[in-house]
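S.K.: Pasting start.txt below, which is compact mmCIF, C-alpha atoms.
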# COMPACT_ATOMS: atom_id res chain seq x y z
CA MET F 1 -29.38 -10.11 4.24
CA ASP F 2 -29.72 -10.62 0.50
CA THR F 3 -27.58 -13.67 -0.35
CA THR F 4 -27.02 -12.61 -3.96
CA GLN F 5 -25.97 -9.15 -2.89
CA SER F 6 -23.68 -10.62 -0.25
CA VAL F 7 -21.92 -12.71 -2.89
CA VAL F 8 -21.50 -9.64 -5.11
CA GLU F 9 -20.13 -7.63 -2.18
CA LYS F 10 -17.56 -10.26 -1.25
CA SER F 11 -16.51 -10.66 -4.87
CA ALA F 12 -16.13 -6.91 -5.39
CA ILE F 13 -14.08 -6.36 -2.23
CA ARG F 14 -11.92 -9.40 -2.99
CA LYS F 15 -11.15 -8.08 -6.48
CA VAL F 16 -10.21 -4.66 -5.10
CA ALA F 17 -7.97 -6.36 -2.53
CA ILE F 18 -6.28 -8.51 -5.18
CA ARG F 19 -6.19 -6.31 -8.27
CA LEU F 20 -5.79 -2.81 -6.86
CA VAL F 21 -4.29 -2.83 -3.36
CA PRO F 22 -1.06 -4.77 -4.16
CA PHE F 23 -0.19 -2.39 -6.99
CA VAL F 24 -0.82 0.75 -4.91
CA ALA F 25 1.12 -0.92 -2.08
CA LEU F 26 4.02 -1.52 -4.50
CA MET F 27 3.97 2.20 -5.33
CA PHE F 28 4.05 2.96 -1.58
CA PHE F 29 6.89 0.46 -1.11
CA ILE F 30 9.00 2.28 -3.70
CA ASN F 31 7.95 5.65 -2.30
CA TYR F 32 9.03 4.86 1.26
CA LEU F 33 12.27 3.22 0.09
CA ASP F 34 13.21 6.29 -1.97
CA ARG F 35 12.57 8.75 0.86
CA THR F 36 14.47 6.65 3.45
CA ALA F 37 17.34 5.54 1.19
CA ILE F 38 19.43 8.29 2.77
CA SER F 39 19.31 6.36 6.08
CA PHE F 40 21.21 3.46 4.45
CA ALA F 41 23.57 5.71 2.49
CA GLY F 42 24.60 7.81 5.50
CA PRO F 43 26.48 5.28 7.66
CA ASN F 44 27.75 3.39 4.59
CA GLY F 45 29.97 6.01 3.00
CA MET F 46 27.87 9.07 2.26
CA ASN F 47 28.45 10.79 5.61
CA THR F 48 32.19 10.27 5.23
CA ASP F 49 32.38 11.25 1.54
CA LEU F 50 30.31 14.42 2.08
CA ALA F 51 31.78 15.14 5.57
CA LEU F 52 28.37 15.25 7.29
CA SER F 53 27.88 15.75 11.02
CA ALA F 54 24.92 14.06 12.76
CA ALA F 55 23.02 17.37 12.68
CA GLN F 56 23.73 17.86 8.95
CA PHE F 57 22.62 14.30 8.21
CA GLY F 58 19.48 14.89 10.28
CA PHE F 59 18.75 18.13 8.45
CA ALA F 60 19.26 16.47 5.06
CA SER F 61 16.87 13.70 6.15
CA GLY F 62 14.28 16.16 7.38
CA VAL F 63 14.42 18.94 4.76
CA PHE F 64 12.60 16.54 2.44
CA PHE F 65 9.46 17.23 4.44
CA ILE F 66 9.61 21.00 3.97
CA GLY F 67 9.23 20.60 0.22
CA TYR F 68 6.66 17.87 0.77
CA ILE F 69 4.57 20.03 3.09
CA LEU F 70 4.52 23.08 0.81
CA LEU F 71 2.68 21.24 -1.96
CA GLU F 72 0.85 18.55 0.04
CA ILE F 73 -2.64 20.06 0.10
CA PRO F 74 -2.57 21.57 -3.44
CA SER F 75 -1.36 18.24 -4.79
CA ASN F 76 -4.15 16.28 -3.11
CA LEU F 77 -6.77 18.73 -4.36
CA ALA F 78 -5.29 18.32 -7.86
CA LEU F 79 -5.65 14.54 -7.50
CA HIS F 80 -9.32 15.04 -6.59
CA LYS F 81 -9.78 17.25 -9.65
CA PHE F 82 -7.77 15.39 -12.30
CA GLY F 83 -8.13 11.80 -11.07
CA ALA F 84 -5.83 9.44 -9.23
CA ARG F 85 -4.56 7.54 -12.27
CA ARG F 86 -2.95 10.56 -13.90
CA TRP F 87 -1.85 12.33 -10.73
CA LEU F 88 -0.32 9.39 -8.84
CA ALA F 89 1.53 8.30 -11.99
CA ARG F 90 2.82 11.85 -12.52
CA ILE F 91 4.03 12.08 -8.92
CA MET F 92 5.84 8.76 -9.15
CA VAL F 93 7.73 9.51 -12.37
CA SER F 94 8.68 12.95 -11.02
CA TRP F 95 10.18 11.65 -7.78
CA GLY F 96 11.93 8.82 -9.66
CA ILE F 97 13.77 11.33 -11.83
CA VAL F 98 14.79 13.44 -8.82
CA SER F 99 15.84 10.36 -6.85
CA LEU F 100 18.07 9.33 -9.73
CA LEU F 101 20.06 12.56 -9.35
CA PHE F 102 21.21 11.51 -5.85
CA THR F 103 23.58 9.13 -7.63
CA TRP F 104 25.81 12.10 -8.48
CA VAL F 105 25.35 14.37 -5.42
CA GLY F 106 28.67 16.06 -4.67
CA SER F 107 28.29 18.22 -1.56
CA VAL F 108 26.17 18.77 1.51
CA GLU F 109 24.54 21.78 -0.19
CA HIS F 110 23.59 19.68 -3.21
CA LEU F 111 22.24 17.01 -0.86
CA TYR F 112 20.02 19.57 0.90
CA ILE F 113 18.69 20.88 -2.43
CA LEU F 114 17.93 17.44 -3.84
CA ARG F 115 16.20 16.30 -0.64
CA PHE F 116 14.03 19.42 -0.72
CA ILE F 117 13.14 18.90 -4.40
CA LEU F 118 12.43 15.21 -3.73
CA GLY F 119 9.87 16.31 -1.15
CA VAL F 120 8.26 18.64 -3.68
CA ALA F 121 8.12 15.82 -6.24
CA GLU F 122 6.58 13.32 -3.79
CA ALA F 123 4.05 15.80 -2.33
CA GLY F 124 0.55 14.38 -2.25
CA PHE F 125 1.40 10.76 -2.94
CA PHE F 126 0.63 9.20 0.45
CA PRO F 127 -2.59 11.11 1.27
CA GLY F 128 -3.56 10.70 -2.39
CA ALA F 129 -3.16 6.94 -2.11
CA ILE F 130 -5.18 6.88 1.14
CA LEU F 131 -7.94 8.97 -0.48
CA PHE F 132 -7.85 6.86 -3.64
CA LEU F 133 -8.36 3.59 -1.75
CA SER F 134 -11.04 5.19 0.43
CA LEU F 135 -13.00 6.01 -2.74
CA TRP F 136 -13.05 2.34 -3.74
CA VAL F 137 -14.53 0.61 -0.69
CA PRO F 138 -17.30 1.39 1.82
CA SER F 139 -16.09 2.43 5.26
CA ARG F 140 -16.81 -0.92 6.95
CA HIS F 141 -14.19 -2.56 4.69
CA ARG F 142 -11.74 0.33 4.82
CA SER F 143 -9.69 -0.82 7.82
CA LYS F 144 -8.93 -4.11 6.08
CA ILE F 145 -8.02 -2.47 2.77
CA LEU F 146 -5.83 0.20 4.38
CA ALA F 147 -4.09 -2.46 6.47
CA LEU F 148 -3.21 -4.42 3.33
CA PHE F 149 -1.92 -1.20 1.78
CA TYR F 150 0.04 -0.22 4.90
CA LEU F 151 1.83 -3.57 4.98
CA ALA F 152 4.07 -2.09 2.29
CA GLN F 153 5.68 0.28 4.81
CA PRO F 154 7.21 -2.22 7.26
CA LEU F 155 7.92 -4.61 4.39
CA THR F 156 9.87 -1.81 2.70
CA THR F 157 12.44 -2.14 5.46
CA VAL F 158 12.19 -5.94 5.70
CA ILE F 159 12.99 -6.24 2.00
CA GLY F 160 14.53 -2.84 1.33
CA ALA F 161 17.21 -2.86 4.04
CA PRO F 162 18.89 -6.07 2.80
CA LEU F 163 18.36 -4.90 -0.79
CA ALA F 164 20.06 -1.60 0.02
CA GLY F 165 22.89 -3.58 1.63
CA LEU F 166 23.33 -5.71 -1.49
CA LEU F 167 23.36 -2.62 -3.71
CA ILE F 168 25.89 -0.86 -1.46
CA GLN F 169 28.14 -3.92 -1.75
CA GLN F 170 28.28 -3.34 -5.51
CA HIS F 171 30.98 -0.75 -4.90
CA GLY F 172 32.71 0.20 -8.15
CA LEU F 173 29.79 -0.67 -10.43
CA PHE F 174 29.73 1.94 -13.23
CA GLY F 175 32.64 3.55 -11.36
CA LEU F 176 30.36 4.57 -8.49
CA SER F 177 30.69 4.28 -4.72
CA GLY F 178 28.43 1.67 -3.16
CA TRP F 179 26.01 4.19 -1.67
CA ARG F 180 25.67 5.87 -5.06
CA VAL F 181 24.87 2.52 -6.69
CA MET F 182 22.16 2.10 -4.06
CA PHE F 183 20.55 5.43 -4.99
CA LEU F 184 20.62 4.42 -8.65
CA GLY F 185 19.04 1.06 -7.88
CA VAL F 186 16.10 2.43 -5.89
CA ALA F 187 15.32 5.31 -8.30
CA LEU F 188 14.75 3.39 -11.53
CA PRO F 189 11.76 1.31 -10.28
CA ALA F 190 9.87 4.53 -9.44
CA ILE F 191 10.04 5.71 -13.05
CA ILE F 192 9.10 2.32 -14.49
CA VAL F 193 6.17 1.65 -12.13
CA GLY F 194 4.97 5.25 -12.53
CA VAL F 195 4.60 4.76 -16.26
CA ILE F 196 2.78 1.46 -15.71
CA ALA F 197 0.41 3.14 -13.22
CA TRP F 198 -0.85 5.49 -15.93
CA PHE F 199 -2.29 2.51 -17.79
CA TYR F 200 -3.08 0.16 -14.90
CA LEU F 201 -5.06 2.27 -12.42
CA ALA F 202 -8.70 3.28 -12.80
CA ASP F 203 -10.12 6.39 -11.18
CA SER F 204 -13.29 4.76 -9.83
CA PRO F 205 -15.14 1.43 -9.67
CA ALA F 206 -17.33 2.53 -12.57
CA LYS F 207 -14.23 2.67 -14.82
CA ALA F 208 -12.71 -0.65 -13.72
CA LYS F 209 -12.79 -3.15 -16.60
CA TRP F 210 -12.01 -6.00 -14.20
CA LEU F 211 -15.27 -5.60 -12.26
CA THR F 212 -18.54 -7.15 -13.46
CA ALA F 213 -21.59 -4.94 -14.06
CA GLU F 214 -23.14 -6.21 -10.81
CA GLU F 215 -19.97 -5.46 -8.83
CA LYS F 216 -19.73 -1.96 -10.30
CA THR F 217 -23.37 -1.31 -9.44
CA TRP F 218 -22.99 -2.53 -5.86
CA LEU F 219 -19.75 -0.62 -5.16
CA THR F 220 -21.00 2.59 -6.76
CA GLY F 221 -24.33 2.39 -4.92
CA ALA F 222 -22.81 1.60 -1.52
CA LEU F 223 -20.25 4.39 -1.84
CA GLU F 224 -22.87 6.91 -3.00
CA THR F 225 -25.22 6.00 -0.13
CA GLU F 226 -22.40 6.43 2.36
CA LYS F 227 -21.31 9.72 0.79
CA LYS F 228 -24.83 11.16 1.01
CA ALA F 229 -25.18 10.10 4.66
CA THR F 230 -21.81 11.61 5.60
CA THR F 231 -22.53 14.82 3.68
CA ALA F 232 -25.99 15.17 5.25
CA SER F 233 -24.62 14.83 8.78
CA ASN F 234 -21.64 17.12 8.15
CA LYS F 235 -22.93 19.84 5.84
CA HIS F 236 -20.71 22.44 7.49
CA VAL F 237 -17.49 20.56 6.66
CA SER F 238 -16.16 22.04 3.42
CA VAL F 239 -12.65 22.57 2.07
CA ARG F 240 -12.58 26.03 3.62
CA THR F 241 -13.88 24.99 7.03
CA VAL F 242 -11.51 22.00 7.23
CA PHE F 243 -8.76 24.41 8.28
CA GLY F 244 -10.81 25.55 11.25
CA ASN F 245 -12.09 22.11 12.21
CA GLY F 246 -10.94 21.11 15.69
CA ARG F 247 -11.15 17.38 15.00
CA VAL F 248 -8.86 17.72 12.00
CA TRP F 249 -6.24 19.60 14.01
CA MET F 250 -6.47 17.16 16.93
CA LEU F 251 -5.99 14.25 14.54
CA SER F 252 -3.07 16.13 13.01
CA ALA F 253 -1.40 16.37 16.43
CA ILE F 254 -1.99 12.67 17.09
CA TYR F 255 -0.50 11.76 13.73
CA PHE F 256 2.48 14.01 14.44
CA GLY F 257 3.46 11.77 17.37
CA PHE F 258 3.23 8.59 15.31
CA ILE F 259 5.28 10.00 12.46
CA TYR F 260 7.89 11.43 14.81
CA GLY F 261 8.46 7.92 16.14
CA LEU F 262 8.33 6.32 12.70
CA TYR F 263 10.98 8.54 11.12
CA ALA F 264 13.22 8.77 14.17
CA LEU F 265 13.55 4.99 13.86
CA GLY F 266 13.61 5.00 10.07
CA PHE F 267 16.39 7.54 9.67
CA PHE F 268 18.58 6.65 12.65
CA LEU F 269 18.17 2.91 13.26
CA PRO F 270 20.87 2.01 10.68
CA THR F 271 23.18 4.55 12.36
CA ILE F 272 22.39 3.15 15.82
CA ILE F 273 23.16 -0.36 14.57
CA ALA F 274 26.43 0.86 13.05
CA GLY F 275 27.27 2.22 16.51
CA PHE F 276 27.02 -1.24 18.11
CA GLU F 277 30.65 -1.82 17.16
CA GLY F 278 31.88 1.03 19.34
CA ILE F 279 29.50 0.25 22.24
CA TYR F 280 29.54 -3.56 22.32
CA GLY F 281 32.55 -4.45 20.18
CA THR F 282 30.43 -6.27 17.59
CA LYS F 283 31.29 -6.23 13.90
CA PHE F 284 28.80 -6.54 11.05
CA ASP F 285 29.27 -6.16 7.31
CA VAL F 286 26.93 -3.99 5.22
CA LEU F 287 24.52 -6.81 4.35
CA GLN F 288 24.36 -7.97 7.99
CA LYS F 289 23.57 -4.42 9.09
CA GLY F 290 20.76 -4.32 6.54
CA LEU F 291 19.35 -7.61 7.81
CA ILE F 292 19.52 -6.40 11.43
CA THR F 293 17.75 -3.17 10.43
CA ALA F 294 14.98 -5.30 8.92
CA ILE F 295 14.39 -7.38 12.06
CA PRO F 296 11.92 -5.04 13.86
CA TYR F 297 9.79 -4.55 10.78
CA LEU F 298 8.79 -8.15 10.06
CA PRO F 299 6.98 -8.58 13.41
CA ALA F 300 5.61 -5.07 12.81
CA ALA F 301 4.00 -6.27 9.57
CA PHE F 302 2.31 -9.14 11.44
CA ALA F 303 1.17 -6.80 14.21
CA LEU F 304 -0.26 -4.38 11.63
CA TYR F 305 -2.20 -7.14 9.86
CA PHE F 306 -3.68 -8.92 12.87
CA TRP F 307 -4.41 -5.74 14.87
CA SER F 308 -6.25 -4.28 11.89
CA LYS F 309 -8.06 -7.59 11.35
CA ASP F 310 -9.33 -7.34 14.92
CA ALA F 311 -10.34 -3.71 14.30
CA THR F 312 -12.31 -4.78 11.21
CA LYS F 313 -14.05 -7.52 13.21
CA ARG F 314 -14.93 -5.37 16.24
CA GLY F 315 -15.13 -2.01 14.49
CA VAL F 316 -12.27 0.45 15.03
CA LYS F 317 -12.23 1.43 18.71
CA THR F 318 -10.27 4.21 20.38
CA TRP F 319 -7.98 1.67 22.04
CA HIS F 320 -7.02 0.26 18.63
CA ILE F 321 -5.12 3.54 18.19
CA ALA F 322 -4.36 4.78 21.72
CA LEU F 323 -3.03 1.53 23.21
CA PRO F 324 -0.27 1.00 20.59
CA ALA F 325 0.75 4.65 21.00
CA LEU F 326 1.06 4.12 24.76
CA ILE F 327 3.14 0.94 24.38
CA GLY F 328 5.37 2.53 21.75
CA GLY F 329 5.92 5.64 23.85
CA LEU F 330 6.98 3.61 26.88
CA SER F 331 9.16 1.14 24.97
CA ILE F 332 11.41 3.34 22.84
CA PRO F 333 13.43 4.90 25.72
CA LEU F 334 13.92 1.42 27.21
CA ALA F 335 15.99 0.44 24.16
CA LEU F 336 18.74 2.69 25.49
CA PHE F 337 19.16 0.56 28.59
CA ALA F 338 18.84 -2.89 27.00
CA GLY F 339 22.51 -3.79 27.49
CA SER F 340 23.15 -5.77 24.32
CA PRO F 341 22.49 -5.55 20.56
CA ALA F 342 19.89 -8.35 20.72
CA ALA F 343 17.99 -6.77 23.62
CA THR F 344 18.12 -3.33 21.95
CA ILE F 345 16.64 -4.69 18.74
CA ALA F 346 13.99 -6.61 20.71
CA VAL F 347 12.76 -3.43 22.41
CA ILE F 348 12.86 -1.46 19.15
CA THR F 349 10.78 -4.26 17.62
CA ILE F 350 8.05 -3.60 20.19
CA THR F 351 8.13 0.09 19.26
CA ALA F 352 7.86 -0.67 15.54
CA MET F 353 4.98 -3.09 16.14
CA SER F 354 3.15 -0.42 18.11
CA ILE F 355 3.52 2.29 15.48
CA PHE F 356 2.42 0.11 12.58
CA ALA F 357 -0.49 -1.45 14.51
CA ALA F 358 -2.00 1.99 15.05
CA LEU F 359 -1.48 3.73 11.70
CA PRO F 360 -3.99 2.02 9.35
CA ASN F 361 -6.70 2.21 12.01
CA PHE F 362 -5.93 5.88 12.56
CA TRP F 363 -6.64 6.62 8.90
CA THR F 364 -10.20 5.31 9.15
CA VAL F 365 -11.11 8.20 11.47
CA PRO F 366 -10.98 11.26 9.13
CA THR F 367 -13.43 9.72 6.65
CA GLN F 368 -16.00 9.40 9.44
CA PHE F 369 -16.80 13.08 8.95
CA LEU F 370 -15.11 14.19 5.70
CA THR F 371 -16.11 13.48 2.10
CA GLY F 372 -15.22 14.69 -1.39
CA ALA F 373 -12.89 17.67 -1.68
CA ALA F 374 -13.11 18.22 2.09
CA ALA F 375 -11.75 14.69 2.60
CA ALA F 376 -8.92 15.42 0.16
CA ALA F 377 -8.04 18.63 2.01
CA GLY F 378 -8.51 17.16 5.49
CA ILE F 379 -6.41 14.05 4.88
CA ALA F 380 -3.73 16.20 3.24
CA LEU F 381 -3.74 18.64 6.18
CA ILE F 382 -3.39 15.82 8.72
CA ASN F 383 -0.57 14.30 6.68
CA THR F 384 1.06 17.72 6.29
CA VAL F 385 1.17 18.36 10.02
CA GLY F 386 2.32 14.81 10.58
CA ASN F 387 5.13 15.28 8.13
CA LEU F 388 6.37 18.25 10.11
CA ALA F 389 7.40 15.44 12.44
CA GLY F 390 9.33 13.91 9.56
CA PHE F 391 11.47 17.04 9.45
CA SER F 392 11.59 17.45 13.23
CA ALA F 393 12.48 13.81 13.93
CA GLY F 394 15.45 13.88 11.58
CA TYR F 395 16.86 17.26 12.51
CA VAL F 396 16.08 17.30 16.25
CA THR F 397 17.34 13.75 16.78
CA GLY F 398 20.62 14.55 15.03
CA TRP F 399 20.97 17.91 16.79
CA LEU F 400 20.32 16.43 20.24
CA LYS F 401 22.74 13.60 19.53
CA ASP F 402 25.49 16.11 18.67
CA LEU F 403 24.57 18.24 21.69
CA THR F 404 24.45 15.43 24.27
CA GLY F 405 26.85 12.94 22.71
CA GLY F 406 24.33 10.09 22.57
CA TYR F 407 20.80 8.99 21.74
CA THR F 408 19.37 8.98 25.28
CA VAL F 409 17.71 12.41 25.18
CA PRO F 410 16.53 12.07 21.54
CA MET F 411 14.80 8.74 22.26
CA PHE F 412 13.07 10.12 25.36
CA VAL F 413 11.70 12.90 23.13
CA VAL F 414 10.39 10.27 20.69
CA GLY F 415 8.68 8.42 23.55
CA GLY F 416 7.16 11.64 24.83
CA PHE F 417 5.53 12.50 21.51
CA MET F 418 4.04 9.01 21.18
CA LEU F 419 2.63 9.17 24.70
CA LEU F 420 1.07 12.52 23.81
CA SER F 421 -0.62 10.89 20.79
CA SER F 422 -2.16 8.26 23.07
CA ILE F 423 -3.46 10.88 25.50
CA LEU F 424 -4.92 13.05 22.74
CA MET F 425 -6.68 10.10 21.10
CA VAL F 426 -8.40 9.20 24.38
CA ALA F 427 -9.32 12.86 24.94
CA LEU F 428 -10.79 13.15 21.45
CA SER F 429 -12.89 10.05 22.00
CA ARG F 430 -14.16 11.13 25.41
CA ALA F 431 -15.16 14.48 23.97
CA GLY F 432 -17.39 12.58 21.53
CA LYS F 433 -15.49 13.81 18.48
CA VAL F 434 -14.87 10.34 17.01
CA SER F 435 -17.22 7.37 16.68
CA GLU F 436 -16.61 3.88 17.97
CA GLY F 437 -16.74 1.66 14.88
CA VAL F 438 -19.44 -0.85 14.03
CA PRO F 439 -18.25 -4.40 13.27
CA ALA F 440 -18.44 -5.24 9.58
CA GLU F 441 -20.63 -8.30 10.13
CA ALA F 442 -23.21 -6.20 11.96
CA LEU F 443 -24.00 -4.21 8.81
CA ASP F 444 -26.00 -5.10 5.74
CA PRO F 445 -23.96 -5.33 2.48
CA ALA F 446 -25.21 -2.15 0.85
CA GLY F 447 -25.12 -0.11 4.01
CA ALA F 448 -28.83 0.64 3.60
CA GLY F 449 -30.21 2.44 6.60
CA HIS F 450 -26.79 2.87 8.15
CA HIS F 451 -24.12 5.48 8.17
CA ALA F 452 -21.40 2.85 8.56
CA GLU F 453 -18.61 4.25 10.66
CA PRO F 454 -15.17 2.87 9.85
Could you write out this file's structure as structure tokens?

M.R.:
Amino acid sequence: MDTTQSVVEKSAIRKVAIRLVPFVALMFFINYLDRTAISFAGPNGMNTDLALSAAQFGFASGVFFIGYILLEIPSNLALHKFGARRWLARIMVSWGIVSLLFTWVGSVEHLYILRFILGVAEAGFFPGAILFLSLWVPSRHRSKILALFYLAQPLTTVIGAPLAGLLIQQHGLFGLSGWRVMFLGVALPAIIVGVIAWFYLADSPAKAKWLTAEEKTWLTGALETEKKATTASNKHVSVRTVFGNGRVWMLSAIYFGFIYGLYALGFFLPTIIAGFEGIYGTKFDVLQKGLITAIPYLPAAFALYFWSKDATKRGVKTWHIALPALIGGLSIPLALFAGSPAATIAVITITAMSIFAALPNFWTVPTQFLTGAAAAAGIALINTVGNLAGFSAGYVTGWLKDLTGGYTVPMFVVGGFMLLSSILMVALSRAGKVSEGVPAEALDPAGAGHHAEP
């Protein structure tokens, strides 16, 4: 191993991790907070003020994903064409403006319309961010980088839930109800950070002023070598054939299960916590409810980081994805029989840890066999199908709760989808459709002579 080159590699990856990932993670933090703000608003005045049933609240939560899905793939292809700096900044400012309008929503119909438009405005952001980061680091470093990026999602709830509680407590500010103040408070950062992104981001390592000439040369060369190897071994995988690619659709189904679990928890956990008063006789104020909502997500952040660190060390293995899905699928129904608020939250914490441990490792798989515009389309397609679960989880959970009078059946459905993800991941691996990863330390720095699987 060339010592000089090794030093350049470490320096380049460290700079990407420090200079680029935290900012993109901040964008993701704001993105996830904006799309899930409705979960905090619902049980804290919005459902009462707008006279929403559980099914209507679930539909309002989920209709976001219909708008999101419609423009997901076109938006990601536009990002590939116009560059991430412009497109991600445009998306962020757009959703910030729409999110701001929730401050003055006046009826259930207006809520449905704004949630749909918010989905349209946000379309392409998440897969665009995944693609953007994938274009900055060779595959053997990708699990680590995506894990750092993904930390923003559980931390959104760790920080965002108490923040939402504090904002809701500002009832009467500007003459607004507390839940309206909360919408105002989470919308403005999206607009501000979106404008900053236009000037801060660079589209590729070659355009990064904060990299040295040697670091630019190494990153560009390693990425180009990897791209050529992937293209040579997958010449048949184009934008058009992505839609008929069995691996892409199998991965889409696996991702569906993860996202179903993620958003079932995200949208309804605050409501479940609010229901502790009727079930167990406990009483919590708005801030306390926010803090309790945050509890499962802090251990989830640790699980995400250390599980992905192990995946980077060993190379991403099938069990890095399938095992968390299995544990999550078995744990979520158990929360219904925990018997106390503390035990319920403890079991839900296991579920959250499982979901977040699997997700960043899952996203290393598509770039094993997709590059360029095909990668943009494939990642967007997987995310699109997954986000059908975002709609389904919200609406179906609310509908089943109204139908059955409780969350027992809805949570068994969540567990079932996560178990299916585990089974499909194992099946995909045994069919030889995904590669077992190579540990990072087993590869030379430039990837010469290797097609480094993530």

S.K.: With only C-alpha atoms counted and 10 Å as the cut-off, give the residues of range 323-417 of chain F in contact with range 291-306 of chain F, each with its shortest interatomic distance in Å and the pair that gives it, as CSV.

M.R.:
residue,atom,partner,partner_atom,distance
F:Pro341,CA,F:Ile292,CA,9.6
F:Ala342,CA,F:Ile292,CA,9.5
F:Ile345,CA,F:Pro296,CA,6.8
F:Ala346,CA,F:Pro296,CA,7.3
F:Val347,CA,F:Pro296,CA,8.7
F:Ile348,CA,F:Pro296,CA,6.5
F:Thr349,CA,F:Pro296,CA,4.0
F:Ile350,CA,F:Pro296,CA,7.6
F:Thr351,CA,F:Pro296,CA,8.4
F:Ala352,CA,F:Ala300,CA,5.6
F:Met353,CA,F:Ala300,CA,3.9
F:Ser354,CA,F:Ala300,CA,7.5
F:Ile355,CA,F:Ala300,CA,8.1
F:Phe356,CA,F:Leu304,CA,5.3
F:Ala357,CA,F:Leu304,CA,4.1
F:Ala358,CA,F:Leu304,CA,7.4
F:Leu359,CA,F:Leu304,CA,8.2
F:Pro360,CA,F:Leu304,CA,7.8
F:Asn361,CA,F:Leu304,CA,9.2

S.K.: Could those selected residues go to a file with C-alpha atoms, as a short mmCIF file (atom, residue, chain, number, x, y, z; two decimals), in the coordinates of the input?

M.R.:
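For reference, part-v5.cif as written:
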data_model
loop_
_atom_site.label_atom_id
_atom_site.label_comp_id
_atom_site.auth_asym_id
_atom_site.auth_seq_id
_atom_site.Cartn_x
_atom_site.Cartn_y
_atom_site.Cartn_z
CA PRO F 341 22.49 -5.55 20.56
CA ALA F 342 19.89 -8.35 20.72
CA ILE F 345 16.64 -4.69 18.74
CA ALA F 346 13.99 -6.61 20.71
CA VAL F 347 12.76 -3.43 22.41
CA ILE F 348 12.86 -1.46 19.15
CA THR F 349 10.78 -4.26 17.62
CA ILE F 350 8.05 -3.60 20.19
CA THR F 351 8.13 0.09 19.26
CA ALA F 352 7.86 -0.67 15.54
CA MET F 353 4.98 -3.09 16.14
CA SER F 354 3.15 -0.42 18.11
CA ILE F 355 3.52 2.29 15.48
CA PHE F 356 2.42 0.11 12.58
CA ALA F 357 -0.49 -1.45 14.51
CA ALA F 358 -2.00 1.99 15.05
CA LEU F 359 -1.48 3.73 11.70
CA PRO F 360 -3.99 2.02 9.35
CA ASN F 361 -6.70 2.21 12.01
#

S.K.: Residues near Leu71 in chain F, anyone? I mean within 8 Å using only C-alpha atoms, not counting same-chain ones fewer than 6 positions away, as number ranges by chain.

M.R.: F: 120, 123-124

S.K.: Let's have the selection written as a PDB file, keeping the file's coordinate frame, with C-alpha atoms.

M.R.:
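selection-v6.pdb was written with the following content:
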ATOM      1  CA  VAL F 120       8.260  18.640  -3.680  1.00  0.00           C
ATOM      2  CA  ALA F 123       4.050  15.800  -2.330  1.00  0.00           C
ATOM      3  CA  GLY F 124       0.550  14.380  -2.250  1.00  0.00           C
TER       4      GLY F 124
END

S.K.: Restricting the calculation to all atoms listed in the file, which member of F:Leu114, F:Met418, F:Ala222, F:Leu424 is positioned closest to Arg140 in chain F?

M.R.: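 For Arg140 in chain F, the nearest of the candidates is F:Ala222.
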
S.K.: When distances are computed from all atoms listed in the file, which of F:Arg115, F:Arg180, F:Arg142, F:Lys209 shows the smallest separation from Val63 in chain F?

M.R.: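 Of F:Arg115, F:Arg180, F:Arg142, F:Lys209, the one nearest Val63 in chain F, counting all atoms listed in the file, is F:Arg115.
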
S.K.: Which of these, F:Pro127, F:Pro154, F:Gly194, F:Gly329, has the shortest distance to Ser94 in chain F once you count all atoms listed in the file?

M.R.: F:Gly194

S.K.: Pick out the closest residue to Val105 in chain F from this set: F:Thr404, F:Ser53, F:Ser177, F:Thr318. Count all atoms listed in the file.

M.R.: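 So, comparing all the options, the nearest one is F:Ser177.
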
S.K.: Kindly give the distance, in Å, that separates CA of Ala190 in chain F and CA of Val21 in chain F, rounded to a single decimal.

M.R.: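 Computing the Euclidean distance for CA of Ala190 in chain F and CA of Val21 in chain F yields 17.1 Å.
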
S.K.: Can you tell me how far CA of Ala427 in chain F sits from CA of Met250 in chain F, in Å to one decimal?

M.R.: 9.5 Å

S.K.: Tell me which protein, DNA and RNA residues are within 10 Å of Leu400 in chain F, counting all atoms listed in the file, leaving out same-chain ones fewer than 2 positions away, and put them as a list of chain:residue names.

M.R.: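 Those residues are F:Ala54, F:Ala55, F:Tyr395, F:Val396, F:Thr397, F:Gly398, F:Asp402, F:Leu403, F:Thr404, F:Gly405, F:Gly406, F:Tyr407, F:Thr408, F:Val409, F:Pro410, F:Met411, F:Val413.
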
S.K.: For Thr271 in chain F, please output as an MDAnalysis selection string all residues within 8 Å (counting all atoms listed in the file; exclusion window: fewer than 2 positions along the same chain).

M.R.: chainID F and resid 39 42:43 267:269 273:275

S.K.: Export, as an mmCIF file, keeping the file's coordinate frame, the selected residues with C-alpha atoms.

M.R.:
data_model
loop_
_atom_site.group_PDB
_atom_site.id
_atom_site.type_symbol
_atom_site.label_atom_id
_atom_site.label_comp_id
_atom_site.auth_asym_id
_atom_site.auth_seq_id
_atom_site.Cartn_x
_atom_site.Cartn_y
_atom_site.Cartn_z
ATOM 1 C CA SER F 39 19.310 6.360 6.080
ATOM 2 C CA GLY F 42 24.600 7.810 5.500
ATOM 3 C CA PRO F 43 26.480 5.280 7.660
ATOM 4 C CA PHE F 267 16.390 7.540 9.670
ATOM 5 C CA PHE F 268 18.580 6.650 12.650
ATOM 6 C CA LEU F 269 18.170 2.910 13.260
ATOM 7 C CA ILE F 273 23.160 -0.360 14.570
ATOM 8 C CA ALA F 274 26.430 0.860 13.050
ATOM 9 C CA GLY F 275 27.270 2.220 16.510
#
